[in-house]
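Below is final-v7.tsv, which holds TSV, C-alpha atoms and all ligand atoms.
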chain	number	residue	atom	x	y	z
A	1	MET	CA	-5.06	-43.19	-0.75
A	2	ASP	CA	-2.25	-45.67	-0.05
A	3	VAL	CA	0.97	-44.75	1.74
A	4	ILE	CA	3.14	-44.63	-1.38
A	5	GLN	CA	0.66	-42.51	-3.37
A	6	ARG	CA	0.39	-40.16	-0.43
A	7	GLU	CA	4.14	-39.77	-0.16
A	8	ILE	CA	4.45	-39.03	-3.89
A	9	LEU	CA	1.68	-36.47	-3.56
A	10	PHE	CA	3.38	-34.92	-0.52
A	11	ASN	CA	6.69	-34.55	-2.36
A	12	ARG	CA	4.99	-33.05	-5.42
A	13	ILE	CA	3.16	-30.46	-3.33
A	14	ARG	CA	6.41	-29.63	-1.56
A	15	SER	CA	8.12	-28.95	-4.87
A	16	TRP	CA	5.16	-27.03	-6.36
A	17	ILE	CA	4.68	-24.82	-3.30
A	18	LEU	CA	8.36	-23.83	-3.37
A	19	ASP	CA	8.01	-23.02	-7.11
A	20	ALA	CA	4.90	-20.95	-6.35
A	21	GLY	CA	6.88	-19.07	-3.68
A	22	ASN	CA	9.47	-18.24	-6.36
A	23	ILE	CA	6.73	-16.96	-8.69
A	24	ILE	CA	5.56	-14.62	-5.92
A	25	ARG	CA	9.03	-13.39	-4.95
A	26	GLU	CA	10.04	-12.80	-8.58
A	27	ASN	CA	6.93	-10.78	-9.46
A	28	MET	CA	5.83	-9.05	-6.29
A	29	TYR	CA	7.68	-5.77	-6.87
A	30	ASP	CA	6.27	-5.32	-10.40
A	31	PRO	CA	3.23	-3.00	-10.65
A	32	LEU	CA	0.31	-5.19	-9.47
A	33	THR	CA	-3.35	-4.99	-10.33
A	34	ILE	CA	-5.22	-4.84	-7.02
A	35	ASP	CA	-9.00	-5.44	-7.03
A	36	THR	CA	-11.52	-5.51	-4.22
A	37	LYS	CA	-14.07	-8.29	-3.64
A	38	SER	CA	-16.85	-8.25	-1.00
A	39	ASN	CA	-15.77	-4.90	0.52
A	40	PRO	CA	-13.02	-2.28	0.08
A	41	LYS	CA	-10.76	-4.12	2.56
A	42	ASP	CA	-11.18	-7.51	0.86
A	43	LEU	CA	-8.29	-7.44	-1.64
A	44	VAL	CA	-7.13	-9.68	-4.44
A	45	THR	CA	-4.16	-9.21	-6.75
A	46	GLU	CA	-3.21	-10.78	-10.06
A	47	LEU	CA	-0.61	-12.83	-8.17
A	48	ASP	CA	-3.28	-14.42	-5.95
A	49	ARG	CA	-5.00	-15.52	-9.17
A	50	GLN	CA	-1.78	-16.55	-10.89
A	51	VAL	CA	-0.69	-18.77	-8.00
A	52	GLU	CA	-4.10	-20.43	-7.73
A	53	PHE	CA	-4.11	-21.01	-11.52
A	54	PHE	CA	-0.63	-22.57	-11.23
A	55	PHE	CA	-1.92	-25.16	-8.73
A	56	ALA	CA	-5.23	-25.72	-10.55
A	57	THR	CA	-3.31	-26.51	-13.74
A	58	LYS	CA	-0.89	-28.88	-11.96
A	59	ILE	CA	-3.76	-30.71	-10.27
A	60	LYS	CA	-5.72	-31.13	-13.54
A	61	GLU	CA	-2.59	-32.41	-15.28
A	62	HIS	CA	-1.42	-34.88	-12.62
A	63	TYR	CA	-4.61	-35.72	-10.70
A	64	PRO	CA	-7.63	-35.16	-12.99
A	65	GLU	CA	-9.86	-37.15	-10.61
A	66	HIS	CA	-9.10	-34.85	-7.64
A	67	LEU	CA	-11.27	-31.82	-6.81
A	68	LEU	CA	-10.20	-28.31	-5.82
A	69	LEU	CA	-11.80	-25.99	-3.29
A	70	SER	CA	-10.12	-22.60	-3.49
A	71	GLU	CA	-10.58	-18.89	-3.03
A	72	GLU	CA	-10.02	-17.15	-6.33
A	73	GLY	CA	-12.31	-18.93	-8.79
A	74	TYR	CA	-10.27	-21.72	-10.41
A	75	GLY	CA	-11.71	-24.42	-8.15
A	76	ASP	CA	-14.73	-26.73	-8.40
A	77	HIS	CA	-18.17	-26.03	-6.98
A	78	LEU	CA	-18.38	-28.61	-4.24
A	79	SER	CA	-21.51	-29.85	-2.53
A	80	HIS	CA	-19.76	-32.72	-0.73
A	81	PHE	CA	-16.38	-33.58	0.70
A	82	ASP	CA	-16.03	-37.10	-0.74
A	83	GLY	CA	-13.00	-38.21	-2.75
A	84	THR	CA	-9.67	-36.40	-2.74
A	85	ILE	CA	-10.03	-32.67	-2.30
A	86	TRP	CA	-7.36	-30.01	-2.37
A	87	VAL	CA	-8.19	-26.91	-0.35
A	88	ILE	CA	-6.01	-23.99	-1.42
A	89	ASP	CA	-5.51	-20.40	-0.42
A	90	PRO	CA	-2.93	-19.10	-2.92
A	91	ILE	CA	-2.07	-16.08	-0.75
A	92	ASP	CA	-3.38	-16.00	2.80
A	93	GLY	CA	-2.87	-12.51	4.17
A	94	THR	CA	-3.39	-10.59	0.93
A	95	MET	CA	-3.66	-7.29	2.80
A	96	ASN	CA	-0.22	-7.93	4.31
A	97	PHE	CA	1.05	-8.92	0.87
A	98	VAL	CA	-0.17	-5.62	-0.61
A	99	ASN	CA	0.76	-3.29	2.26
A	100	GLN	CA	3.77	-4.99	3.85
A	101	LYS	CA	5.18	-7.42	1.28
A	102	GLN	CA	5.57	-9.92	4.13
A	103	ASN	CA	3.48	-11.94	6.61
A	104	PHE	CA	1.55	-13.91	3.98
A	105	ALA	CA	1.51	-17.62	3.18
A	106	ILE	CA	0.44	-20.21	0.65
A	107	SER	CA	-1.86	-22.72	2.33
A	108	ILE	CA	-2.68	-26.19	0.95
A	109	GLY	CA	-4.63	-28.98	2.64
A	110	VAL	CA	-5.45	-32.30	1.00
A	111	TYR	CA	-8.38	-34.29	2.35
A	112	ALA	CA	-9.44	-37.84	1.45
A	113	ASP	CA	-13.12	-38.53	2.15
A	114	GLY	CA	-13.14	-35.75	4.72
A	115	ILE	CA	-9.95	-36.78	6.51
A	116	GLY	CA	-7.02	-34.36	6.48
A	117	GLU	CA	-4.07	-36.23	4.94
A	118	ILE	CA	-1.57	-33.51	4.05
A	119	GLY	CA	-1.06	-29.90	5.13
A	120	PHE	CA	1.43	-27.29	3.87
A	121	ILE	CA	1.81	-23.67	4.97
A	122	TYR	CA	4.57	-21.70	3.28
A	123	ASP	CA	5.55	-18.40	4.87
A	124	VAL	CA	7.04	-17.15	1.62
A	125	MET	CA	9.19	-14.21	2.77
A	126	ARG	CA	10.66	-16.01	5.79
A	127	ASN	CA	11.12	-19.12	3.67
A	128	ASN	CA	9.53	-21.23	6.41
A	129	LEU	CA	7.72	-24.31	5.16
A	130	TYR	CA	5.39	-26.00	7.66
A	131	SER	CA	4.18	-29.44	6.61
A	132	ALA	CA	2.43	-32.51	7.93
A	133	MET	CA	1.17	-35.88	6.83
A	134	ARG	CA	-1.50	-37.58	8.95
A	135	ASP	CA	0.11	-39.81	11.61
A	136	ASN	CA	3.62	-38.82	10.48
A	137	GLY	CA	4.22	-35.71	12.55
A	138	ALA	CA	4.55	-32.07	11.57
A	139	TYR	CA	7.66	-30.21	10.46
A	140	LYS	CA	8.97	-26.68	10.13
A	141	ASN	CA	11.43	-26.96	7.25
A	142	ASN	CA	13.31	-30.15	8.19
A	143	VAL	CA	12.81	-29.93	11.95
A	144	ARG	CA	10.07	-32.00	13.56
A	145	LEU	CA	7.64	-29.98	15.70
A	146	GLN	CA	7.30	-31.13	19.29
A	147	PRO	CA	3.95	-32.31	20.64
A	148	LEU	CA	2.11	-29.57	22.57
A	149	GLN	CA	2.35	-31.37	25.88
A	150	GLU	CA	3.71	-28.78	28.24
A	151	LYS	CA	1.13	-27.77	30.83
A	152	LEU	CA	0.45	-24.08	30.39
A	153	THR	CA	-2.01	-21.77	32.04
A	154	LEU	CA	-3.89	-18.95	30.34
A	155	LYS	CA	-1.80	-16.51	32.39
A	156	GLU	CA	1.33	-17.75	30.61
A	157	SER	CA	-0.31	-17.75	27.18
A	158	VAL	CA	-0.05	-15.51	24.13
A	159	LEU	CA	-3.25	-15.48	22.06
A	160	CYS	CA	-3.58	-14.44	18.43
A	161	MET	CA	-6.86	-12.50	18.20
A	162	SER	CA	-7.86	-9.47	16.16
A	163	HIS	CA	-9.36	-6.24	17.52
A	164	ARG	CA	-12.79	-7.40	16.29
A	165	TRP	CA	-13.27	-9.56	19.39
A	166	PHE	CA	-12.94	-6.52	21.64
A	167	MET	CA	-15.55	-4.45	19.79
A	168	PRO	CA	-19.31	-5.09	19.79
A	169	ASN	CA	-19.78	-8.21	17.67
A	170	ARG	CA	-22.46	-10.84	17.08
A	171	PHE	CA	-20.58	-13.77	18.62
A	172	VAL	CA	-19.53	-12.88	22.17
A	173	ASP	CA	-19.92	-10.15	24.74
A	174	GLU	CA	-16.86	-7.93	24.26
A	175	GLU	CA	-16.73	-7.27	28.05
A	176	VAL	CA	-15.98	-10.97	28.59
A	177	MET	CA	-13.23	-10.70	25.97
A	178	HIS	CA	-11.79	-7.72	27.88
A	179	LEU	CA	-11.52	-10.00	30.93
A	180	LEU	CA	-9.77	-12.61	28.80
A	181	SER	CA	-7.29	-10.00	27.55
A	182	LYS	CA	-6.48	-9.12	31.16
A	183	GLU	CA	-5.87	-12.73	32.17
A	184	VAL	CA	-3.49	-13.74	29.35
A	185	ARG	CA	0.17	-12.76	29.04
A	186	GLY	CA	-0.30	-11.06	25.69
A	187	LEU	CA	-2.28	-10.66	22.49
A	188	ARG	CA	-1.02	-10.62	18.91
A	189	SER	CA	-2.65	-10.24	15.49
A	190	TYR	CA	-0.61	-11.12	12.40
A	191	GLY	CA	-3.30	-10.96	9.69
A	192	SER	CA	-2.78	-14.41	8.18
A	193	ALA	CA	-4.86	-17.28	9.52
A	194	ALA	CA	-2.45	-19.83	8.06
A	195	ILE	CA	0.62	-18.28	9.70
A	196	GLU	CA	-1.19	-17.90	13.02
A	197	LEU	CA	-2.24	-21.56	12.96
A	198	ALA	CA	1.36	-22.53	12.20
A	199	TYR	CA	2.47	-20.46	15.20
A	200	VAL	CA	0.12	-22.38	17.48
A	201	ALA	CA	1.47	-25.66	16.07
A	202	GLU	CA	5.08	-24.66	16.73
A	203	GLY	CA	4.32	-23.28	20.20
A	204	ALA	CA	5.00	-19.64	19.26
A	205	ALA	CA	1.43	-18.80	20.36
A	206	GLU	CA	-0.97	-20.75	22.53
A	207	ALA	CA	-4.16	-19.98	20.59
A	208	TYR	CA	-5.51	-18.48	17.40
A	209	ILE	CA	-9.11	-17.34	17.64
A	210	SER	CA	-10.88	-15.99	14.57
A	211	MET	CA	-14.33	-15.12	13.24
A	212	GLY	CA	-15.71	-16.18	9.89
A	213	LEU	CA	-12.86	-18.17	8.40
A	214	GLU	CA	-13.26	-19.96	5.08
A	215	PRO	CA	-12.23	-23.61	4.57
A	216	TRP	CA	-9.08	-22.55	2.65
A	217	ASP	CA	-7.92	-20.43	5.61
A	218	VAL	CA	-7.97	-23.45	7.91
A	219	ALA	CA	-7.56	-26.66	5.89
A	220	ALA	CA	-3.76	-26.93	6.04
A	221	GLY	CA	-3.37	-25.61	9.59
A	222	ARG	CA	-5.88	-28.13	10.84
A	223	VAL	CA	-3.78	-31.06	9.60
A	224	ILE	CA	-0.52	-29.59	10.93
A	225	LEU	CA	-2.02	-28.72	14.30
A	226	SER	CA	-3.57	-32.12	14.73
A	227	GLU	CA	-0.12	-33.77	14.33
A	228	VAL	CA	1.20	-31.94	17.40
A	229	GLY	CA	-1.88	-32.56	19.52
A	230	GLY	CA	-3.37	-29.06	19.07
A	231	LYS	CA	-7.13	-28.55	19.22
A	232	LEU	CA	-9.27	-26.82	16.61
A	233	THR	CA	-13.01	-26.42	17.10
A	234	ASP	CA	-15.78	-23.87	16.82
A	235	MET	CA	-16.80	-21.75	19.84
A	236	ASP	CA	-18.91	-24.61	21.21
A	237	GLY	CA	-16.03	-27.06	21.09
A	238	LYS	CA	-17.52	-28.80	18.04
A	239	GLU	CA	-15.78	-29.87	14.87
A	240	ILE	CA	-15.82	-27.18	12.16
A	241	PRO	CA	-17.53	-27.72	8.79
A	242	MET	CA	-15.18	-27.97	5.79
A	243	LEU	CA	-17.56	-26.53	3.19
A	244	SER	CA	-18.63	-23.31	4.88
A	245	ARG	CA	-17.39	-20.40	6.98
A	246	SER	CA	-16.80	-20.90	10.69
A	247	THR	CA	-15.52	-19.22	13.80
A	248	ILE	CA	-12.56	-21.12	15.18
A	249	ILE	CA	-10.63	-21.60	18.38
A	250	ALA	CA	-7.31	-23.32	17.68
A	251	CYS	CA	-5.19	-23.88	20.76
A	252	ASN	CA	-2.77	-25.74	22.92
A	253	PRO	CA	-4.78	-28.51	24.62
A	254	SER	CA	-3.90	-27.32	28.13
A	255	ILE	CA	-5.87	-24.08	27.79
A	256	GLN	CA	-8.78	-25.33	25.69
A	257	SER	CA	-11.21	-26.16	28.45
A	258	LYS	CA	-10.80	-22.85	30.29
A	259	LEU	CA	-10.98	-20.82	27.08
A	260	LEU	CA	-14.14	-22.52	25.92
A	261	HIS	CA	-15.98	-22.76	29.22
A	262	GLU	CA	-14.93	-19.69	31.17
A	263	TYR	CA	-14.84	-17.25	28.29
A	264	PHE	CA	-16.56	-18.30	25.08
A	265	LYS	CA	-19.44	-20.19	26.65
A	266	LYS	CA	-19.96	-17.51	29.27
A	267	GLY	CA	-19.77	-14.66	26.75
A	268	LYS	CA	-21.66	-16.30	23.90
A	269	LYS	CA	-24.49	-14.26	22.44
A	270	VAL	CA	-27.71	-16.07	21.77
A	271	THR	CA	-28.63	-15.56	18.11
B	301	LIG	C1	-7.70	-13.52	5.49
B	301	LIG	C2	-6.60	-13.65	6.53
B	301	LIG	C3	-6.98	-12.91	7.79
B	301	LIG	C4	-8.29	-13.39	8.36
B	301	LIG	C5	-9.38	-13.25	7.30
B	301	LIG	C6	-8.99	-14.04	6.04
B	301	LIG	P1	-7.04	-13.61	2.88
B	301	LIG	O1	-7.39	-14.27	4.33
B	301	LIG	O2	-6.36	-15.00	6.86
B	301	LIG	O3	-6.01	-13.05	8.78
B	301	LIG	O4	-8.63	-12.61	9.46
B	301	LIG	O5	-10.60	-13.76	7.82
B	301	LIG	O6	-10.00	-13.87	5.06
B	301	LIG	O7	-8.29	-12.92	2.40
B	301	LIG	O8	-5.92	-12.68	3.06
B	301	LIG	O9	-6.73	-14.82	2.06
B	302	CA	CA	-7.25	-16.57	3.53
B	303	CA	CA	-6.34	-15.55	0.02
Would you mind writing the file's structure down as structure tokens?
Ligand code: IPD
Ligand code: CA
Ligand code: CA
Amino acid sequence: MDVIQREILFNRIRSWILDAGNIIRENMYDPLTIDTKSNPKDLVTELDRQVEFFFATKIKEHYPEHLLLSEEGYGDHLSHFDGTIWVIDPIDGTMNFVNQKQNFAISIGVYADGIGEIGFIYDVMRNNLYSAMRDNGAYKNNVRLQPLQEKLTLKESVLCMSHRWFMPNRFVDEEVMHLLSKEVRGLRSYGSAAIELAYVAEGAAEAYISMGLEPWDVAAGRVILSEVGGKLTDMDGKEIPMLSRSTIIACNPSIQSKLLHEYFKKGKKVT
């Protein structure tokens, strides 16, 4: 993808994501059909589907050669990550959307032959649009995000982690996680992977650590985070796959080594 094509694409996504935000805001207080998917807590509404359909239609119309990897069924069945691929979560944080009517985001990443070129995360109710183009920096609305250079310790850090890490689980010893919770300044859990990744990128949290995320939860945040020097790996410090679920540790670079080696490596369960 050349620079001009990429910029046109970036501007189109920017305009479409703002339109999609309007669709959500205009319809969210109407009676909504809420269905469950894999379990009673895994929700989907007609607006999740409507927003994904909106993007799928735009992509087919303007970029018929591009492929779509997405959550709610309008995407392609991908067995590779070659070519230009859009990775879309139409509403990330559907439970928040249903129960709170806030703390949810639209997440869009565009990858060319496996390389993250564009990332957008739109926190719809706060009207905060996070965006990035590879090698062009990351922005929150029109303000450029600063590189994550400040040297921080874990003691000064706020980590976004859900309660699941502190209960018996198949990834790490929860006792080691209890020690981690004692060392850090604080823990938060917002219920939207996209928003929590954006918080790490803007320095509002030092890490976001999550089990079993899908590619559409991470695709945009990965591009945005990379533009500010943030790190995003699996629990072993390895790159995450883009076609399957993974457990991720996204963080400020200054705490990565300690997090990985003193907590996740030490606590890792052998499966
Ligand atoms: C979920 C949210 C949540 C994370 C889950 C995701 P969804 O996405 O990002 O924070 O813990 O793993 O599935 O289902 O609301 O799009
Ligand atoms: Ca999601
Ligand atoms: Ca979703």
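Note that the spacing between CA of Tyr190 in chain A and CA of Trp86 in chain A amounts to 24.9 Å.
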Taking into account all atoms listed in the file, which residue in the set A:Trp216, A:Glu206, A:Lys60, A:Asp113 is nearest to Gly230 in chain A?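 The shortest atom-to-atom distance to Gly230 in chain A comes from A:Glu206.
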Can you tell me how far CA of Glu71 in chain A sits from CA of Asp89 in chain A, in Å to one decimal?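 Value for the CA of Glu71 in chain A-CA of Asp89 in chain A distance: 5.9 Å.
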Enumerate, as a list in words, the protein, DNA and RNA residues whose atoms approach (-20.0, -11.9, 30.9) to within 6 Å, taking into account only C-alpha atoms and the coordinate frame of the file. Val176, Lys266 and Gly267 of chain A
Work out where the centre of an axis-aligned box around every listed atom of ligand LIG 301 (chain B) lies and how long its edges are once 6 Å is added on each side; give both in Å to one decimal as AutoDock Vina command-line options.
--center_x -8.3 --center_y -13.8 --center_z 5.8 --size_x 16.7 --size_y 14.4 --size_z 19.4
Could you list, as a ChimeraX atom specification, all protein and nucleic acid residues with an atom at most 7 Å from ligand LIG 301 (chain B), counting all atoms listed in the file? /A:42-43,89,91-95,190-194,210-214,217
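Among the candidate residues A:Glu183, A:Ile13, A:Ala138, A:Ala112, the one lying nearest to His80 in chain A is A:Ala112, with distances computed using all atoms listed in the file.
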Figure out the distance between CA of Glu156 in chain A and CA of Arg185 in chain A, please, to one decimal in Å.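 A separation of 5.4 Å between them.
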Tyr29 in chain A proximity check over A:Gln100, A:Asn11, A:Ser79, A:Ser254, using all atoms listed in the file: winner is A:Gln100
Contacts of range 242-252 of chain A within 9 Å, only C-alpha atoms, excl. fewer than 2 positions in-chain, as an NGL selection string: :A and (69 or 78-81 or 114 or 148-150 or 152 or 159 or 171 or 197 or 200-201 or 203 or 205-216 or 218-219 or 222 or 225 or 229-235 or 237 or 240 or 254-256 or 259-260)
Which of these residues is nearest to ligand CA 302 (chain B), using only C-alpha atoms and all ligand atoms: A:Glu174, A:Glu196, A:Glu7, A:Asp76?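 Answer, going by the shortest atom-to-atom distance: A:Glu196.
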For Asn127 in chain A, the closest of A:Ile106, A:Met161, A:Glu72, A:Thr36 counting only C-alpha atoms is A:Ile106
With distances taken over all atoms listed in the file, which residue among A:Ile108, A:Leu32, A:Arg6, A:Lys151 lies nearest ligand CA 302 (chain B)? A:Ile108
Got a sec: who's within 10 Å of Glu175 in chain A, counting all atoms listed in the file, leaving out chain neighbours fewer than 5 positions off, as a ChimeraX atom specification? /A:165-168,180-181,267
Non-local contacts of Lys268 in chain A (9 Å; only C-alpha atoms; under 3 positions in same chain excluded) as a ChimeraX atom specification: /A:170-173,235,263-265
